[in-house]
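Take a look at the structure set out below.
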Amino acid sequence: MNDRAPAPGGLALIEALVNTLDIETGADRLDTPDGRARFGLTPDDLPAARELREALRAACLAHAGHGTPGPSALDALLADAPLRVAISPAGEAALCPTGPPALLTRVAEAIAAAAADDTWLRLKACEAEDCQWVYYDRSPACRSRWCSMSVCGARAKMRSYRARRADSA
């Protein structure tokens with residue numbers, strides 16, 4: 001959908017998962033064997049994976065300033081992630097899965113790592129309602145609004161320009 005580099009570290013997993021659904025066309029790559037294989041999913045895993053995907057999209061929309069802060073569906077889903085904090089003899093903390101490496105566990109680990117290094121809030125969803133593609137905002141001020149300035153940004157600016165012209169006519 002865009003020409004941005006993938007998100008760093010574990011955020012690439014989240015970005016790839018959310019972007020399996022093309023909002024504009026309705027195409028869902030989780031409907032394909034290759035799309036499911038990328039995330040280690042079986043057909044039985046799809047309802048939970050789709051619920052997780054949309055909760056992640058809502059969080060990324062909130063990072064971009066859309067939606068309401070507060071308790072979220074993502075928070076409720078992450079509460080079920082089988083993880084624990086382990087402390088090494090040297091006193092270092094690490095998250096450890098307590099069950100099989102399911103998608104929810106991998107996402108929870110990625111969010112925890114990104115929150116620790118202050119990159120979680122840079123994972124955003126495009127402002128365009130017919131897009132909502134997730135991207136990693138690398139701008140210095142963390143103020144990107146669209147996944148692609150040449151597509152979604154240009155469309156938004158053209159709509160704004162036309163609205164101004166219509167108002168002044």
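Identifiers in the structure tokens: chain A, B, ... in order shown; residue index from 1 per chain; ligand index from 1 in order shown.
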For the interface of stretch 90-147 of chain A with stretch 37-45 of chain A (cut-off 12 Å, counting only C-alpha atoms), please tabulate each contacting residue of stretch 90-147 of chain A alongside its nearest pair of atoms and their separation in Å to one decimal, rows sorted by chain and increasing number, as JSON lines.
```
{"residue": "A:Pro100", "atom": "CA", "partner": "A:Gly40", "partner_atom": "CA", "distance": 11.4}
{"residue": "A:Pro101", "atom": "CA", "partner": "A:Gly40", "partner_atom": "CA", "distance": 9.3}
{"residue": "A:Ala102", "atom": "CA", "partner": "A:Gly40", "partner_atom": "CA", "distance": 7.8}
{"residue": "A:Leu103", "atom": "CA", "partner": "A:Phe39", "partner_atom": "CA", "distance": 6.7}
{"residue": "A:Leu104", "atom": "CA", "partner": "A:Phe39", "partner_atom": "CA", "distance": 10.3}
{"residue": "A:Thr105", "atom": "CA", "partner": "A:Phe39", "partner_atom": "CA", "distance": 11.7}
{"residue": "A:Arg106", "atom": "CA", "partner": "A:Phe39", "partner_atom": "CA", "distance": 9.7}
{"residue": "A:Val107", "atom": "CA", "partner": "A:Phe39", "partner_atom": "CA", "distance": 10.6}
```
Query - Those in chain A with alpha helix (DSSP H) from DSSP, as number ranges by chain - result: A: 11-18, 33-37, 46-63, 73-78, 103-116, 154-168
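Within chain A, DSSP run on the backbone puts these residues in strand (DSSP E or B): Leu21, Asp28, Leu83, Arg84, Val85, Ala86, Ile87, Ala93, Ala94, Leu95, Cys96, Pro97, Leu123, Lys124, Ala125, Val134, Tyr135 and Tyr136 of chain A.
In this model, the gap between atom CA of A:Gly26 and atom CA of A:Ala76 comes to 26.1 Å.
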**Report entry** Of the listed residues A:Leu56, A:Val85, A:Ala12, A:Cys142, that which approaches A:Ala125 most closely, counting only C-alpha atoms
**Finding:**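 Nearest to A:Ala125: A:Leu56.
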Query raised in the report: Which is closer to A:Ala110 than all the others in A:Ile23, A:Cys152, A:Ala62, A:Leu95, using only C-alpha atoms?
Result: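 Of A:Ile23, A:Cys152, A:Ala62, A:Leu95, the one nearest A:Ala110 is A:Leu95, counting only C-alpha atoms.
Of the listed residues (A:Leu61, A:Leu46, A:Leu13, A:Ala113), A:Leu46 comes nearest to A:Asp28; the distances count only C-alpha atoms.
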Query raised in the report: Within 10 Å of A:Cys60, counting only C-alpha atoms, which residues qualify if same-chain residues fewer than 3 places away don't, as an NGL selection string?
Result: :A and (14-15 or 18 or 54-57 or 63-67 or 120-126 or 132-136)
Using the selection just defined, write its residues with C-alpha atoms as a PDB file, in the first residue's frame.
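part.pdb written:
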```pdb
ATOM      1  CA  ILE A  14       2.027  -6.057  14.378  1.00  0.00           C
ATOM      2  CA  GLU A  15       2.253  -3.900  11.261  1.00  0.00           C
ATOM      3  CA  VAL A  18      -2.966  -5.332  10.828  1.00  0.00           C
ATOM      4  CA  GLU A  54      -8.889  -4.954  14.793  1.00  0.00           C
ATOM      5  CA  ALA A  55      -7.953  -4.201  18.402  1.00  0.00           C
ATOM      6  CA  LEU A  56      -4.420  -3.410  17.200  1.00  0.00           C
ATOM      7  CA  ARG A  57      -5.820  -1.208  14.403  1.00  0.00           C
ATOM      8  CA  HIS A  63      -1.714   6.685  18.349  1.00  0.00           C
ATOM      9  CA  ALA A  64      -2.528   8.862  15.336  1.00  0.00           C
ATOM     10  CA  GLY A  65      -5.042  10.893  17.352  1.00  0.00           C
ATOM     11  CA  HIS A  66      -8.227   9.084  16.309  1.00  0.00           C
ATOM     12  CA  GLY A  67     -10.468   7.278  18.728  1.00  0.00           C
ATOM     13  CA  TRP A 120       5.046   1.728  20.464  1.00  0.00           C
ATOM     14  CA  LEU A 121       3.326   5.113  19.970  1.00  0.00           C
ATOM     15  CA  ARG A 122       5.062   5.551  16.609  1.00  0.00           C
ATOM     16  CA  LEU A 123       3.029   2.690  15.129  1.00  0.00           C
ATOM     17  CA  LYS A 124       0.049   4.504  13.616  1.00  0.00           C
ATOM     18  CA  ALA A 125      -2.861   3.930  11.293  1.00  0.00           C
ATOM     19  CA  CYS A 126      -3.392   6.119   8.242  1.00  0.00           C
ATOM     20  CA  GLN A 132      -6.212   2.825   7.774  1.00  0.00           C
ATOM     21  CA  TRP A 133      -2.988   1.096   6.720  1.00  0.00           C
ATOM     22  CA  VAL A 134      -0.587   0.786   9.640  1.00  0.00           C
ATOM     23  CA  TYR A 135       2.857   2.355   9.303  1.00  0.00           C
ATOM     24  CA  TYR A 136       5.789   3.278  11.509  1.00  0.00           C
TER      25      TYR A 136
END
```
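One distance worth recording is that between atom CA of A:Pro89 and atom CA of A:Ala116, which is 20.9 Å.
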**Report entry** Separation of atom CA of A:Pro47 from atom CA of A:Asn19 in Å
**Finding:**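 These two atoms are separated by 16.1 Å.
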Query - From A:Ala108, A:Ala128, A:Leu11, A:Ala73, residue lying nearest A:Cys96 [only C-alpha atoms] - result: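 Among the listed residues, the smallest separation from A:Cys96 belongs to A:Ala108.
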